[in-house]
Amino acid sequence: MHAPRTISPRERFVLQWQRAAPYAALLALNFGLFVPRFVCAVPQADFSPFFPDHYGHGHAFKLDLLSAYQYVLTLVLRRDNLDVFRWSIDFALMLVVIVASARSPVRVWIRNVCALGYMGLWLFLAYHHGVAHYFERTPALTEDARLALNLWHFLDGHARYAWLGVLLAGCALLLLGVFASRTFAALQLRAAGVGRSQKWLWCTVWVLPALVSVAYFGVERDDPLWQLLSKHVLHNYRAGRIEAQRMATMRNSPPDLRYEAFSQVRLERKPDVYLLMLEAYGEILATWDMRDAYQALMRESAARLERAGYRAASTYSAAPVHGGASWFSISTVNTGVHIDRPQIFAELEGVGARVPSLPRFFREQGYLTHALQPANGDRAGLRRFDLFHHAVPVDAVTLDYRGKQYGWGRIPDQLSLGLFREQYFRPSTQPRYAFYMCVSTHFPWDLVPRHVRDWHALAQPDFDPSTADDTWPLPEAYRDIATEYRRSYFRSISYEWQVLTEWLEAEAGKHGVILIVGDHQPRLEWNVPGAVTMNTPVHVLSQDPQLVEQFVAQGFQTGLYAEPGTGEKLQHAGLFSLLISQLAARYGAPGSAEHAAYFPSGLPLAALHR
């Protein structure tokens, strides 16, 4: 008779790990469902929430009974920190189904369906929280699906091998599904070897705390440790229904034709008018640690433009979007209608030539209309067309740039504007209206173009960066910006203002009216040093002091720098009627101002109904 073999410590550890591995995998899958919300938390959540420094409304933990009581609540019931160490009610219900089907002939089918459900829920949560975080709006899958092609082109513009990244992401999701299926199979195998009473015990441990939490906290709160994550599916569906109802209301209501009165305005004096929209030009420049550098930049630009005869006034306006989707903001400013969703923009695409807009207004006034949009080009699956039918549209295909590519926009704005002025902005007997959408301030900001003395050099594939113009140094306060990410963003803004300042100096002899608008706030970082808003700077410049004073009377602050939170905040949808009303008041024929009302919030969607 042989004596039993002694198990070594290493073998004992391996056996214990083999027994514990399925349960560790279940914990990982459960916590994994909270990763999308954790990644998109603002401010960024602490990964380890077990040593909090406060509870409730900022109350600090102390060595007393109340703090001990609150610490227990923080660990087992609810906490504000959106960490991953929580329990998914949805996942618990999956486990109940898997355990209950442990001896079923269709157990393989059931666990694979649960694995697919897990993959689908994780992917949905990543999309849902990602959209809410980056764009500061309520996600609606029925609408956001329209942006899938835009997302592909965005990725393709940032990564040389975007398709490889998408393929790797798909493989990672597939591996997650396989991991879930194998883990569920291990759980079924364990459950098949235990009695009914133990199965009931497992299910009670998983479900009873969830029921207690839901009964006490409800399902809408995000701080309880037990969370019903599928509630976000319902929220998303409701958002889609609300947007569909908005569109149905628009189509079933009579058209709002109040902007049609602008056609009765007649300008006696017709200065050139420029609408310049700056990509990712946001209020954070004046509210984060870039404030001092931004003020210095604005002082430098203002001093040069004042020497050229310009006067300026500035304020802030709420954009319809945040972090991206610039075409919504462009359309909002051009039409005076708040366009913030894909379905509304799709509606505009069908009527863009017929609805009142800035290009249409100036065309009716006898202006020659121009558009410079260097980011517009041929992309698979997307139509390349000029929505507002400018007489002289210039885009990436027209520019035919063959030089070094910079970031997402690829074409440096100094070259775009130089080529535009030289070849497409020639002297004309007609007054001119020009729209320009910059690209050099577009994310990513790791490759900002260098300003050069002669923009023609940028067109050469062998461009030598040593020819860069260093006469516009970065402000000293630039060194006080805390992170390289923000510094690179600021460098792009500084570059853009140098380009615009030189262009406006060259245009000073034409006595034009210039409106400069940020299209949306950029999405920079999680733990931000200031508030996150929808506001962007708005500047009006002219060599006509009386016109600028009219904008000051509307709440603008004198100069190129505006102090945030001072005066009345505008909305992008109101800029259309604001510009026309002020032009009519200053340059209109007698009686014209009566037909140019200012609508601070713009007009409702019915203004697109034709």
# chains A, B, ... in the order shown; residues from 1 in each chain; ligands from 1
call {"tool": "residues_around", "arguments": {"residues": "segment 242-255 of chain A", "least_positions_apart": "5", "cutoff": "7 Å", "atoms": "only C-alpha atoms", "output": "short mmCIF file (atom, residue, chain, number, x, y, z; two decimals) with N, CA and C atoms, in the first residue's frame"}}
result
data_model
loop_
_atom_site.label_atom_id
_atom_site.label_comp_id
_atom_site.auth_asym_id
_atom_site.auth_seq_id
_atom_site.Cartn_x
_atom_site.Cartn_y
_atom_site.Cartn_z
N LEU A 605 -37.07 74.58 -35.92
CA LEU A 605 -36.82 73.73 -37.08
C LEU A 605 -37.80 73.99 -38.21
N ALA A 606 -38.96 74.54 -37.89
CA ALA A 606 -39.94 74.82 -38.94
C ALA A 606 -39.40 75.80 -39.98
N ALA A 607 -38.32 76.52 -39.64
CA ALA A 607 -37.71 77.43 -40.62
C ALA A 607 -37.06 76.66 -41.76
N HIS A 609 -38.58 74.00 -43.05
CA HIS A 609 -39.69 73.32 -43.73
C HIS A 609 -40.01 74.06 -45.02
N ARG A 610 -39.82 73.39 -46.13
CA ARG A 610 -40.12 73.99 -47.43
C ARG A 610 -40.93 73.02 -48.27
#
call {"tool": "select_by_dssp", "arguments": {"residues": "segment 409-519 of chain A", "states": "alpha helix (DSSP H)", "output": "VMD selection string"}}
result
chain A and resid 413 to 423 484 to 506
call {"tool": "closest_residue", "arguments": {"among": "A:Val452, A:Leu278, A:Val321, A:Val265", "to": "Ala597 of chain A", "atoms": "only C-alpha atoms"}}
result
A:Val265
call {"tool": "closest_residue", "arguments": {"among": "A:Gly352, A:Gly336, A:Ser301, A:Arg426", "to": "Leu368 of chain A", "atoms": "only C-alpha atoms"}}
result
A:Arg426
call {"tool": "atom_distance", "arguments": {"atom1": "atom CA of Ala375 of chain A", "atom2": "atom CA of Ala280 of chain A"}}
result
13.9 Å
call {"tool": "select_by_dssp", "arguments": {"residues": "segment 330-547 of chain A", "states": "strand (DSSP E or B)", "output": "ChimeraX atom specification"}}
result
/A:337,368-373,379,382,392-395,406,410,432-437,452,468,513-518,535-542
call {"tool": "write_last_selection", "arguments": {"atoms": "C-alpha atoms", "output": "mmCIF file, in the first residue's frame"}}
result
data_model
loop_
_atom_site.group_PDB
_atom_site.id
_atom_site.type_symbol
_atom_site.label_atom_id
_atom_site.label_comp_id
_atom_site.auth_asym_id
_atom_site.auth_seq_id
_atom_site.Cartn_x
_atom_site.Cartn_y
_atom_site.Cartn_z
ATOM 1 C CA VAL A 337 -31.503 77.340 -37.091
ATOM 2 C CA LEU A 368 -20.042 87.578 -55.330
ATOM 3 C CA THR A 369 -19.997 84.718 -52.828
ATOM 4 C CA HIS A 370 -16.875 82.642 -52.066
ATOM 5 C CA ALA A 371 -16.224 79.615 -49.860
ATOM 6 C CA LEU A 372 -12.850 78.254 -48.809
ATOM 7 C CA GLN A 373 -13.168 74.835 -47.137
ATOM 8 C CA ARG A 379 -14.307 60.637 -49.586
ATOM 9 C CA LEU A 382 -19.876 60.906 -48.862
ATOM 10 C CA VAL A 392 -16.762 80.399 -56.082
ATOM 11 C CA PRO A 393 -16.352 77.231 -53.977
ATOM 12 C CA VAL A 394 -12.757 76.257 -53.190
ATOM 13 C CA ASP A 395 -11.987 72.963 -51.441
ATOM 14 C CA TYR A 406 -0.230 68.352 -41.427
ATOM 15 C CA ARG A 410 -3.446 68.051 -44.184
ATOM 16 C CA ARG A 432 -17.648 90.067 -51.960
ATOM 17 C CA TYR A 433 -18.830 87.705 -49.292
ATOM 18 C CA ALA A 434 -16.372 84.985 -48.235
ATOM 19 C CA PHE A 435 -16.754 82.028 -45.903
ATOM 20 C CA TYR A 436 -13.625 80.296 -44.631
ATOM 21 C CA MET A 437 -13.415 77.159 -42.455
ATOM 22 C CA VAL A 452 6.776 80.837 -43.196
ATOM 23 C CA ALA A 468 9.983 79.332 -40.879
ATOM 24 C CA VAL A 513 -16.675 93.485 -42.033
ATOM 25 C CA ILE A 514 -15.234 90.337 -40.482
ATOM 26 C CA LEU A 515 -17.050 87.900 -38.197
ATOM 27 C CA ILE A 516 -14.806 85.268 -36.564
ATOM 28 C CA VAL A 517 -16.562 82.375 -34.822
ATOM 29 C CA GLY A 518 -15.328 79.231 -33.080
ATOM 30 C CA ASN A 535 -19.225 78.390 -25.537
ATOM 31 C CA THR A 536 -16.824 79.624 -28.201
ATOM 32 C CA PRO A 537 -15.323 83.071 -28.822
ATOM 33 C CA VAL A 538 -16.972 85.390 -31.356
ATOM 34 C CA HIS A 539 -15.198 88.468 -32.737
ATOM 35 C CA VAL A 540 -16.384 91.218 -35.058
ATOM 36 C CA LEU A 541 -13.821 93.473 -36.743
ATOM 37 C CA SER A 542 -14.298 96.474 -38.964
#
call {"tool": "closest_residue", "arguments": {"among": "A:Met94, A:Leu201, A:Leu358, A:Leu125", "to": "Pro36 of chain A", "atoms": "only C-alpha atoms"}}
result
A:Leu125
call {"tool": "atom_distance", "arguments": {"atom1": "atom CA of Arg360 of chain A", "atom2": "atom CA of Arg266 of chain A"}}
result
13.4 Å
call {"tool": "residues_around", "arguments": {"residues": "Leu173 of chain A", "least_positions_apart": "3", "cutoff": "10 Å", "atoms": "only C-alpha atoms", "output": "ChimeraX atom specification"}}
result
/A:119-120,122-123,167-170,176-179
call {"tool": "residues_around", "arguments": {"residues": "Tyr259 of chain A", "least_positions_apart": "5", "cutoff": "9 Å", "atoms": "only C-alpha atoms", "output": "ChimeraX atom specification"}}
result
/A:336,355-357,577,595-597,603,607
call {"tool": "residues_around", "arguments": {"residues": "Glu279 of chain A", "least_positions_apart": "3", "cutoff": "10 Å", "atoms": "only C-alpha atoms", "output": "PyMOL selection string"}}
result
chain A and resi 276+282+323-324+326+437-443+493+496+517-522
call {"tool": "residues_around", "arguments": {"residues": "segment 129-141 of chain A", "least_positions_apart": "6", "cutoff": "6 Å", "atoms": "only C-alpha atoms", "output": "number ranges by chain"}}
result
A: 37, 40, 236, 239-240, 322-323
call {"tool": "residues_around", "arguments": {"residues": "Tyr561 of chain A", "least_positions_apart": "5", "cutoff": "10 Å", "atoms": "only C-alpha atoms", "output": "list in words"}}
result
Ala286, Tyr294, Gln295, Ala296, Leu297, Met298, Arg299, Ala302, Ala312, Ala313, Ser314, Thr315, Pro537, Val538 and His539 of chain A
call {"tool": "write_last_selection", "arguments": {"atoms": "C-alpha atoms", "output": "CSV table (one decimal), in the first residue's frame"}}
result
chain,number,residue,atom,x,y,z
A,286,ALA,CA,-9.9,81.9,-21.4
A,294,TYR,CA,-4.4,83.6,-24.8
A,295,GLN,CA,-4.8,87.1,-23.4
A,296,ALA,CA,-1.2,87.9,-24.6
A,297,LEU,CA,-2.0,86.4,-28.0
A,298,MET,CA,-5.1,88.5,-28.4
A,299,ARG,CA,-3.3,91.6,-27.3
A,302,ALA,CA,-5.3,93.4,-31.6
A,312,ALA,CA,-12.9,94.9,-32.6
A,313,ALA,CA,-15.5,93.6,-30.2
A,314,SER,CA,-15.8,90.1,-28.8
A,315,THR,CA,-18.1,87.8,-26.8
A,537,PRO,CA,-15.3,83.1,-28.8
A,538,VAL,CA,-17.0,85.4,-31.4
A,539,HIS,CA,-15.2,88.5,-32.7
call {"tool": "closest_residue", "arguments": {"among": "A:Leu500, A:Val273, A:Leu82, A:Ala60", "to": "Phe38 of chain A", "atoms": "only C-alpha atoms"}}
result
A:Leu82
call {"tool": "decode", "arguments": {"residues": "segment 273-330 of chain A", "atoms": "C-alpha atoms", "output": "short mmCIF file (atom, residue, chain, number, x, y, z; two decimals), in the first residue's frame"}}
result
data_model
loop_
_atom_site.label_atom_id
_atom_site.label_comp_id
_atom_site.auth_asym_id
_atom_site.auth_seq_id
_atom_site.Cartn_x
_atom_site.Cartn_y
_atom_site.Cartn_z
CA VAL A 273 -18.14 90.62 -45.53
CA TYR A 274 -16.08 87.68 -44.30
CA LEU A 275 -17.30 84.85 -42.08
CA LEU A 276 -14.29 83.00 -40.66
CA MET A 277 -14.93 79.90 -38.57
CA LEU A 278 -12.09 78.49 -36.50
CA GLU A 279 -12.01 74.77 -35.83
CA ALA A 280 -11.99 73.78 -32.12
CA TYR A 281 -11.71 77.42 -31.00
CA GLY A 282 -13.26 77.30 -27.54
CA GLU A 283 -13.88 79.27 -24.38
CA ILE A 284 -11.44 77.00 -22.52
CA LEU A 285 -8.68 79.25 -23.85
CA ALA A 286 -9.94 81.89 -21.41
CA THR A 287 -11.03 79.65 -18.52
CA TRP A 288 -8.26 77.03 -18.25
CA ASP A 289 -4.56 77.53 -17.57
CA MET A 290 -4.15 78.85 -21.13
CA ARG A 291 -5.85 82.10 -20.10
CA ASP A 292 -2.75 84.30 -19.66
CA ALA A 293 -1.17 83.04 -22.88
CA TYR A 294 -4.44 83.56 -24.75
CA GLN A 295 -4.79 87.11 -23.45
CA ALA A 296 -1.25 87.88 -24.59
CA LEU A 297 -1.97 86.38 -28.01
CA MET A 298 -5.12 88.49 -28.38
CA ARG A 299 -3.25 91.64 -27.33
CA GLU A 300 -0.59 91.01 -29.99
CA SER A 301 -3.20 90.42 -32.72
CA ALA A 302 -5.30 93.38 -31.62
CA ALA A 303 -2.30 95.74 -31.64
CA ARG A 304 -1.36 94.77 -35.19
CA LEU A 305 -4.94 94.97 -36.45
CA GLU A 306 -5.49 98.33 -34.77
CA ARG A 307 -2.44 99.66 -36.62
CA ALA A 308 -4.16 98.47 -39.81
CA GLY A 309 -7.24 100.50 -38.87
CA TYR A 310 -9.50 97.80 -37.44
CA ARG A 311 -11.69 98.06 -34.39
CA ALA A 312 -12.86 94.88 -32.65
CA ALA A 313 -15.48 93.62 -30.23
CA SER A 314 -15.78 90.11 -28.80
CA THR A 315 -18.06 87.85 -26.78
CA TYR A 316 -18.98 84.18 -26.42
CA SER A 317 -21.68 82.15 -28.11
CA ALA A 318 -23.10 78.70 -27.34
CA ALA A 319 -22.34 76.30 -30.19
CA PRO A 320 -24.82 73.53 -31.08
CA VAL A 321 -22.12 70.84 -30.76
CA HIS A 322 -19.08 70.03 -28.65
CA GLY A 323 -15.87 68.28 -29.59
CA GLY A 324 -16.74 67.56 -33.23
CA ALA A 325 -19.34 67.55 -36.03
CA SER A 326 -18.28 70.98 -37.28
CA TRP A 327 -20.73 70.85 -40.18
CA PHE A 328 -23.62 71.16 -37.71
CA SER A 329 -22.14 74.38 -36.32
CA ILE A 330 -21.38 75.75 -39.81
#
